[in-house]
file my_file.cif (mmCIF, C-alpha atoms)
data_protein
#
loop_
_atom_site.label_atom_id
_atom_site.label_comp_id
_atom_site.auth_asym_id
_atom_site.auth_seq_id
_atom_site.Cartn_x
_atom_site.Cartn_y
_atom_site.Cartn_z
CA MET V 30 0.00 0.00 0.00
CA GLU V 31 1.37 3.39 -0.94
CA THR V 32 2.33 5.79 1.85
CA ASN V 33 -0.14 8.51 0.84
CA GLU V 34 -2.98 5.97 0.79
CA MET V 35 -2.00 4.82 4.27
CA THR V 36 -1.97 8.43 5.46
CA GLN V 37 -5.37 9.10 3.91
CA ASN V 38 -6.71 6.02 5.68
CA LYS V 39 -5.49 7.56 8.95
CA TYR V 40 -7.77 10.56 8.43
CA ASN V 41 -10.70 8.39 7.36
CA ALA V 42 -10.17 6.27 10.48
CA THR V 43 -10.26 9.44 12.60
CA LEU V 44 -13.50 10.57 10.97
CA ALA V 45 -15.00 7.11 11.48
CA LYS V 46 -14.94 7.68 15.26
CA TYR V 47 -17.54 10.43 14.90
CA ASN V 48 -21.07 10.75 13.58
CA THR V 49 -20.59 12.58 10.29
CA LYS V 50 -23.69 11.27 8.52
CA LEU V 51 -25.82 14.37 8.99
CA ASN V 52 -29.00 15.45 7.26
CA ASP V 53 -29.21 19.17 6.56
CA ASN V 54 -32.98 19.29 7.14
CA ASP V 55 -32.62 17.55 10.50
CA VAL V 56 -29.94 20.02 11.56
CA ALA V 57 -32.14 22.96 10.53
CA ALA V 58 -35.05 21.57 12.56
CA GLN V 59 -32.86 21.04 15.65
CA VAL V 60 -31.49 24.58 15.41
CA SER V 61 -34.96 26.05 14.93
CA ALA V 62 -36.17 24.26 18.06
CA ILE V 63 -33.30 25.69 20.14
CA ILE V 64 -33.86 29.21 18.82
CA ASP V 65 -37.61 29.09 19.41
CA SER V 66 -37.41 27.71 22.94
CA LYS V 67 -34.19 29.08 24.43
CA VAL V 68 -32.98 32.39 22.96
CA ALA V 69 -35.52 34.62 24.73
CA GLU V 70 -34.35 33.56 28.20
CA ASN V 71 -30.77 34.59 27.35
CA ASN V 72 -31.78 38.13 26.34
CA THR V 73 -30.42 39.67 29.55
CA LEU V 74 -28.04 42.47 30.49
CA ASP V 75 -25.50 40.07 31.97
CA VAL V 76 -25.41 37.97 28.80
CA LYS V 77 -24.93 41.10 26.66
CA LYS V 78 -22.03 42.22 28.88
CA PHE V 79 -20.49 38.77 28.51
CA LEU V 80 -20.92 38.82 24.74
CA PHE V 81 -19.21 42.20 24.52
CA ASN V 82 -16.23 40.70 26.35
CA CYS V 83 -16.11 37.91 23.71
CA ILE V 84 -15.77 40.21 20.69
CA ASP V 85 -12.75 40.06 18.41
CA LEU V 86 -13.05 43.69 17.30
CA THR V 87 -12.14 43.39 13.66
CA THR V 88 -10.93 45.65 10.87
CA LEU V 89 -10.01 43.83 7.65
CA ASN V 90 -10.52 46.49 5.03
CA THR V 91 -8.61 47.21 1.83
CA THR V 92 -8.45 50.82 3.03
CA ASP V 93 -6.85 50.03 6.42
CA SER V 94 -3.75 52.12 7.11
CA ASP V 95 -1.33 52.68 9.98
CA GLU V 96 -3.37 55.73 10.98
CA SER V 97 -6.77 54.04 10.83
CA VAL V 98 -5.57 50.98 12.77
CA MET V 99 -3.96 53.22 15.37
CA LYS V 100 -7.26 55.09 15.81
CA PHE V 101 -9.13 51.77 15.94
CA THR V 102 -6.84 50.60 18.75
CA GLN V 103 -7.06 53.91 20.61
CA ASN V 104 -10.83 53.43 20.78
CA VAL V 105 -10.21 50.23 22.75
CA ASN V 106 -7.91 52.16 25.10
CA ARG V 107 -10.55 54.88 25.44
CA PHE V 108 -13.25 52.32 26.26
CA GLU V 109 -11.38 51.38 29.43
CA GLU V 110 -11.48 54.99 30.58
CA SER V 111 -15.08 55.65 29.51
CA TYR V 112 -16.63 52.44 30.90
CA PRO V 113 -14.41 51.24 33.77
CA ASP V 114 -17.17 48.99 35.12
CA LEU V 115 -17.46 46.99 31.87
CA LYS V 116 -15.04 44.37 30.58
CA ASN V 117 -13.35 45.30 27.32
CA VAL V 118 -13.41 43.37 24.05
CA ALA V 119 -11.42 40.12 23.95
CA ALA V 120 -9.09 41.00 21.07
CA ILE V 121 -8.33 43.35 18.22
CA CYS V 122 -8.16 41.48 14.89
CA VAL V 123 -6.15 42.96 12.00
CA TYR V 124 -4.05 41.99 9.01
CA PRO V 125 -0.50 40.84 9.97
CA CYS V 126 1.20 43.99 8.70
CA PHE V 127 -0.63 45.97 11.42
CA ALA V 128 0.26 43.77 14.40
CA GLU V 129 3.13 46.02 15.40
CA ILE V 130 0.94 49.15 15.19
CA VAL V 131 -1.63 47.56 17.51
CA LYS V 132 1.09 46.35 19.88
CA ASP V 133 2.66 49.82 20.08
CA THR V 134 -0.72 51.55 20.54
CA LEU V 135 -2.59 49.17 22.84
CA GLU V 136 -2.41 50.30 26.46
CA VAL V 137 -4.92 48.03 28.19
CA GLU V 138 -4.53 44.58 29.67
CA ASP V 139 -6.58 41.50 28.80
CA VAL V 140 -7.08 42.51 25.17
CA ASN V 141 -5.22 40.22 22.78
CA ILE V 142 -3.86 40.94 19.33
CA ALA V 143 -5.26 38.60 16.68
CA CYS V 144 -4.05 38.46 13.09
CA VAL V 145 -5.58 36.78 10.06
CA SER V 146 -2.76 34.99 8.31
CA ALA V 147 -1.62 32.25 5.95
CA GLY V 148 -3.06 33.64 2.73
CA PHE V 149 -6.31 34.92 4.27
CA PRO V 150 -9.07 34.90 3.05
CA SER V 151 -8.61 32.29 0.29
CA SER V 152 -5.68 30.29 1.73
CA GLN V 153 -4.47 29.97 -1.85
CA THR V 154 -0.74 30.40 -1.50
CA PHE V 155 2.39 28.36 -0.79
CA ILE V 156 2.72 26.69 2.61
CA GLU V 157 6.11 28.39 2.95
CA VAL V 158 4.36 31.76 2.60
CA LYS V 159 1.68 30.75 5.12
CA VAL V 160 4.29 29.75 7.69
CA ALA V 161 6.41 32.86 7.09
CA GLU V 162 3.43 35.21 7.36
CA THR V 163 2.34 33.53 10.59
CA ALA V 164 5.84 33.71 12.08
CA MET V 165 6.16 37.39 11.16
CA ALA V 166 2.77 38.22 12.68
CA ILE V 167 3.78 36.57 15.95
CA LEU V 168 7.15 38.30 15.90
CA ASP V 169 5.35 41.63 15.52
CA GLY V 170 3.09 40.97 18.51
CA ALA V 171 0.20 38.68 17.55
CA ASP V 172 -1.20 36.60 20.41
CA GLU V 173 -3.63 34.71 18.18
CA ILE V 174 -3.58 33.62 14.55
CA ASP V 175 -6.70 33.09 12.40
CA ILE V 176 -6.19 30.97 9.26
CA VAL V 177 -8.46 29.43 6.62
CA ILE V 178 -8.35 25.74 5.75
CA SER V 179 -7.42 24.81 2.20
CA VAL V 180 -11.06 24.45 1.21
CA GLY V 181 -10.28 23.14 -2.26
CA LYS V 182 -8.03 20.42 -0.84
CA PHE V 183 -10.73 19.40 1.63
CA LEU V 184 -13.49 19.26 -0.99
CA SER V 185 -11.31 17.16 -3.29
CA GLY V 186 -10.66 14.70 -0.45
CA ASP V 187 -7.03 15.64 0.09
CA TYR V 188 -7.28 15.63 3.88
CA GLU V 189 -3.55 15.02 4.24
CA THR V 190 -2.49 18.33 2.70
CA MET V 191 -5.18 20.26 4.54
CA CYS V 192 -4.22 18.78 7.92
CA ASP V 193 -0.47 18.96 7.34
CA GLU V 194 -0.78 22.69 6.67
CA ILE V 195 -2.73 23.27 9.88
CA ALA V 196 -0.23 21.21 11.87
CA GLU V 197 2.75 23.09 10.41
CA ILE V 198 1.18 26.48 11.13
CA LYS V 199 0.27 25.38 14.68
CA ALA V 200 3.90 24.33 15.20
CA THR V 201 4.88 27.86 14.15
CA CYS V 202 2.36 29.35 16.60
CA LYS V 203 3.67 27.24 19.52
CA GLU V 204 1.77 28.45 22.60
CA LYS V 205 -0.10 31.15 20.66
CA HIS V 206 -3.72 30.26 19.87
CA LEU V 207 -4.54 29.08 16.37
CA LYS V 208 -8.08 29.71 15.14
CA VAL V 209 -8.94 27.66 12.06
CA ILE V 210 -11.63 29.05 9.74
CA LEU V 211 -13.69 26.47 7.88
CA GLU V 212 -15.43 28.91 5.51
CA THR V 213 -18.62 26.96 6.11
CA GLY V 214 -20.54 28.69 3.32
CA ALA V 215 -18.24 26.97 0.81
CA LEU V 216 -18.50 23.50 2.37
CA GLN V 217 -21.93 22.75 0.90
CA SER V 218 -23.34 20.46 3.62
CA ALA V 219 -23.59 19.80 7.34
CA GLU V 220 -21.68 16.56 6.78
CA ASN V 221 -18.73 18.44 5.28
CA ILE V 222 -18.80 21.01 8.08
CA LYS V 223 -18.65 18.20 10.65
CA LYS V 224 -15.75 16.49 8.86
CA ALA V 225 -13.80 19.74 8.43
CA SER V 226 -14.34 20.56 12.11
CA ILE V 227 -12.98 17.20 13.28
CA LEU V 228 -10.00 17.24 10.94
CA SER V 229 -9.09 20.80 11.93
CA MET V 230 -9.16 19.91 15.63
CA TYR V 231 -7.22 16.70 14.98
CA ALA V 232 -4.56 18.74 13.18
CA GLY V 233 -4.11 21.16 16.09
CA ALA V 234 -6.74 23.93 16.03
CA ASP V 235 -7.24 25.69 19.37
CA PHE V 236 -10.45 27.25 18.00
CA ILE V 237 -12.63 26.48 15.02
CA LYS V 238 -14.27 29.45 13.34
CA THR V 239 -17.13 29.60 10.85
CA SER V 240 -16.17 32.14 8.23
CA THR V 241 -13.93 34.88 6.91
CA GLY V 242 -16.82 37.25 6.33
CA LYS V 243 -15.52 37.65 2.79
CA GLN V 244 -17.80 34.97 1.30
CA GLN V 245 -21.55 34.45 1.51
CA PRO V 246 -23.18 32.78 3.27
CA ALA V 247 -20.98 33.55 6.25
CA ALA V 248 -21.82 32.32 9.77
CA THR V 249 -25.15 30.53 10.14
CA PRO V 250 -26.80 29.01 13.22
CA GLU V 251 -26.87 25.64 11.44
CA ALA V 252 -23.10 25.68 10.85
CA ALA V 253 -22.55 26.79 14.45
CA TYR V 254 -24.67 23.91 15.75
CA VAL V 255 -22.75 21.31 13.73
CA MET V 256 -19.39 22.77 14.77
CA CYS V 257 -20.36 22.83 18.45
CA GLN V 258 -21.52 19.22 18.22
CA ALA V 259 -18.13 18.35 16.71
CA ILE V 260 -16.32 20.19 19.53
CA LYS V 261 -18.40 18.31 22.11
CA GLU V 262 -17.71 14.91 20.56
CA TYR V 263 -14.02 15.71 20.14
CA TYR V 264 -13.80 16.67 23.82
CA GLU V 265 -15.53 13.43 24.81
CA GLN V 266 -13.05 11.43 22.71
CA THR V 267 -9.84 13.29 23.57
CA GLY V 268 -10.37 15.46 26.66
CA VAL V 269 -9.22 18.48 24.62
CA LYS V 270 -11.36 21.63 24.81
CA VAL V 271 -11.45 23.52 21.52
CA GLY V 272 -13.00 26.98 21.29
CA PHE V 273 -15.71 28.18 18.92
CA LYS V 274 -15.91 31.45 17.01
CA PRO V 275 -18.74 32.50 14.71
CA ALA V 276 -17.73 35.33 12.38
CA GLY V 277 -19.19 37.09 9.38
CA GLY V 278 -22.76 38.26 9.07
CA ILE V 279 -23.33 38.87 12.79
CA ASN V 280 -25.48 41.92 12.14
CA CYS V 281 -27.54 42.40 15.28
CA VAL V 282 -27.65 41.59 18.98
CA ASN V 283 -30.16 38.80 18.41
CA ASP V 284 -27.66 37.05 16.09
CA ALA V 285 -25.13 37.06 18.92
CA LEU V 286 -27.76 35.76 21.37
CA ILE V 287 -28.49 32.87 19.00
CA TYR V 288 -24.82 31.83 18.89
CA TYR V 289 -24.54 32.19 22.67
CA THR V 290 -27.61 29.98 23.07
CA ILE V 291 -26.27 27.29 20.73
CA VAL V 292 -22.98 27.17 22.65
CA LYS V 293 -24.80 27.03 25.97
CA GLU V 294 -27.21 24.29 24.88
CA VAL V 295 -24.67 22.10 23.06
CA LEU V 296 -21.43 22.67 24.98
CA GLY V 297 -22.66 23.96 28.32
CA ASP V 298 -21.53 26.64 30.74
CA GLU V 299 -17.87 25.50 30.63
CA TRP V 300 -17.59 27.05 27.17
CA LEU V 301 -19.13 30.36 28.25
CA THR V 302 -15.80 32.13 28.70
CA ASN V 303 -13.90 34.26 26.22
CA LYS V 304 -11.09 31.68 26.40
CA LEU V 305 -13.39 29.28 24.49
CA PHE V 306 -15.99 31.51 22.83
CA ARG V 307 -15.42 34.50 20.56
CA LEU V 308 -17.46 36.58 18.14
CA GLY V 309 -15.75 37.93 15.05
CA THR V 310 -17.36 41.28 14.32
CA SER V 311 -16.96 45.02 14.58
CA ARG V 312 -20.51 46.36 14.08
CA LEU V 313 -21.79 44.29 17.01
CA ALA V 314 -19.66 46.21 19.51
CA ASN V 315 -21.65 49.44 19.14
CA LEU V 316 -24.96 47.58 19.06
CA LEU V 317 -24.23 45.65 22.26
CA LEU V 318 -22.81 48.70 24.01
CA SER V 319 -25.92 50.70 23.10
CA GLU V 320 -28.18 48.08 24.65
CA ILE V 321 -25.98 47.72 27.75
CA VAL V 322 -25.81 51.47 28.39
CA GLY V 323 -29.37 52.20 27.27
CA GLU V 324 -28.65 54.82 24.59
CA ASP V 325 -27.67 54.80 20.93
CA LEU V 326 -23.86 54.92 20.77
CA LYS V 327 -21.28 54.92 17.99
CA PHE V 328 -18.26 54.46 20.22
CA PHE V 329 -16.12 52.27 17.93
#
call {"tool": "encode", "arguments": {"input": "my_file.cif", "output": "C-alpha cells"}}
result
Amino acid sequence: METNEMTQNKYNATLAKYNTKLNDNDVAAQVSAIIDSKVAENNTLDVKKFLFNCIDLTTLNTTDSDESVMKFTQNVNRFEESYPDLKNVAAICVYPCFAEIVKDTLEVEDVNIACVSAGFPSSQTFIEVKVAETAMAILDGADEIDIVISVGKFLSGDYETMCDEIAEIKATCKEKHLKVILETGALQSAENIKKASILSMYAGADFIKTSTGKQQPAATPEAAYVMCQAIKEYYEQTGVKVGFKPAGGINCVNDALIYYTIVKEVLGDEWLTNKLFRLGTSRLANLLLSEIVGEDLKFF
C-alpha cells in the first residue's frame, strides 16, 4: 500500500470515530427548536455584557492604514477609561502587517492581538508563505492567529495536505492560539462542516471558526450547531477543549444571542468564557454597548 494511501486512511479512520452522517434538514429543525425555545431567556443584560467581552473587534478592510488601525486601537484604550465597570473586548483582529501598530498603541490589559494569516481569506498560496506570514505576525506581537483551511483540498478529499498545513502552522504558533476558519458557506453540507471541524481539531486547532466574512453565506446558526456538536464529541473522545468562534454576518444583537444559546445548549456553561468563545465582528460592539448602556452609541 502506498504511503499517501495509508496516510489518507489515517484521516478516514479518525472521521469514522464520529457521527458525520448528517441530514441538513434535521440540523435545521434542531437549530430552529433551540432558537424558538431558548434564545428569549438569554436576552439579559449580563449575557450582553459577557458577549461584549467575547468580541474580536475586527478591521479587515482594503483601506486600512497605519493611521486608521492606530485610531481603531485607541478606541479600545478609550473604552477602558469611559466604561471602567465593563469588561473590554477580547481581542483586536487585523491583518498581519498591522500587528506592530496595535502592539505599540494598545495600552490596556486582557485585550489580545489577533491576526488573520496564511493567505487569508482564500488560503491559496504556498505553505512556505503561510508559515512565514504567521511567524512574522507573531514576531510583531500577535497573540492569536486566524487561518483558513485549504477548502479546495478538503473538498477534493485531500485531507492530508489540509491537515499537514494546519499542523505546520500550529507548530509555528507554539503556545499562541490558532483559530482555524472552515469557511462553512463553501463547504456545501452539514456533513462536510462536521468532517472539516474534526479534521481541523485533529490537526491542532485551538479554535474552530465559521467564516472569513468575505464569502456568503458567512456564519449561520446551522453551521454553528454542527461545529459545536463536533467540539463536544471531540472533547468526549480526547479530553481536549477547543474553542468556537462564529464570524461574518453577525449583524444584530439577536444574532449574537443565537450563537450564545447554541454554545450554551450544546457545549454547556464550561464554554461560556472568552477563552473558548469568541465573536468575530466590529458592528456588534456598538450595538451591544448601546443596549448595555441604554442609549444609541457609535463608540467604535
call {"tool": "atom_distance", "arguments": {"input": "my_file.cif", "atom1": "atom CA of Ile167 of chain V", "atom2": "atom CA of His206 of chain V"}}
result
10.6 Å
call {"tool": "atom_distance", "arguments": {"input": "my_file.cif", "atom1": "atom CA of Leu51 of chain V", "atom2": "atom CA of Asp175 of chain V"}}
result
27.0 Å
call {"tool": "atom_distance", "arguments": {"input": "my_file.cif", "atom1": "atom CA of Ile130 of chain V", "atom2": "atom CA of Thr154 of chain V"}}
result
25.2 Å
call {"tool": "residues_around", "arguments": {"input": "my_file.cif", "residues": "segment 160-164 of chain V", "least_positions_apart": "5", "cutoff": "7 Å", "atoms": "all atoms listed in the file", "output": "list in words"}}
result
Ser146, Ala147, Ile198 and Thr201 of chain V
call {"tool": "closest_residue", "arguments": {"input": "my_file.cif", "among": "V:Glu262, V:Asp284, V:Glu324, V:Asp172", "to": "Leu308 of chain V", "atoms": "all atoms listed in the file"}}
result
V:Asp284
call {"tool": "residues_near_point", "arguments": {"input": "my_file.cif", "point": "(-14.5, 51.8, 17.3)", "cutoff": "7 Å", "atoms": "only C-alpha atoms", "output": "PyMOL selection string"}}
result
chain V and resi 101+104+328-329
call {"tool": "closest_residue", "arguments": {"input": "my_file.cif", "among": "V:Ser97, V:Asn280, V:Asn82, V:Thr302", "to": "Gly242 of chain V", "atoms": "all atoms listed in the file"}}
result
V:Asn280
call {"tool": "resolve_selection", "arguments": {"input": "my_file.cif", "expression": "the PyMOL selection byres ((chain V and resi 136) around 12)", "output": "JSON, numbers by chain"}}
result
{"V": [99, 102, 103, 104, 105, 106, 107, 108, 109, 110, 130, 131, 132, 133, 134, 135, 137, 138, 139, 140, 141, 142]}
call {"tool": "resolve_selection", "arguments": {"input": "my_file.cif", "expression": "the PyMOL selection byres ((chain V and resi 240) around 9)", "output": "PyMOL selection string"}}
result
chain V and resi 177+210-214+238-239+241-248+274-277+309
call {"tool": "resolve_selection", "arguments": {"input": "my_file.cif", "expression": "the PyMOL selection byres ((chain V and resi 224) around 10)", "output": "ChimeraX atom specification"}}
result
/V:40-41,43-45,47-50,183,188,216,219-223,225-229,255-256,259
call {"tool": "residues_around", "arguments": {"input": "my_file.cif", "residues": "Glu251 of chain V", "least_positions_apart": "3", "cutoff": "7 Å", "atoms": "all atoms listed in the file", "output": "ChimeraX atom specification"}}
result
/V:56-57,60,254-255
call {"tool": "closest_residue", "arguments": {"input": "my_file.cif", "among": "V:Ala42, V:Val271, V:Ile279, V:Ala196", "to": "Trp300 of chain V", "atoms": "only C-alpha atoms"}}
result
V:Val271
call {"tool": "axis_aligned_box", "arguments": {"input": "my_file.cif", "around": "segment 75-89 of chain V", "padding_each_side": "4 Å", "output": "lines of an AutoDock Vina configuration file"}}
result
center_x = -17.8
center_y = 41.8
center_z = 19.8
size_x = 23.5
size_y = 15.7
size_z = 32.3
call {"tool": "closest_residue", "arguments": {"input": "my_file.cif", "among": "V:Val209, V:Leu301, V:Cys144, V:Ile291", "to": "Gln59 of chain V", "atoms": "only C-alpha atoms"}}
result
V:Ile291
call {"tool": "residues_near_point", "arguments": {"input": "my_file.cif", "point": "(-0.5, 53.6, 7.9)", "cutoff": "12 Å", "atoms": "all atoms listed in the file", "output": "list in words"}}
result
Thr91, Thr92, Asp93, Ser94, Asp95, Glu96, Ser97, Val98, Met99, Lys100, Phe101, Cys126, Phe127, Ala128, Glu129, Ile130 and Val131 of chain V
call {"tool": "closest_residue", "arguments": {"input": "my_file.cif", "among": "V:Gly272, V:Asp193, V:Asn117, V:Leu184", "to": "Ser218 of chain V", "atoms": "all atoms listed in the file"}}
result
V:Leu184
call {"tool": "closest_residue", "arguments": {"input": "my_file.cif", "among": "V:Val158, V:Ile64, V:Val118, V:Val145", "to": "Lys208 of chain V", "atoms": "all atoms listed in the file"}}
result
V:Val145
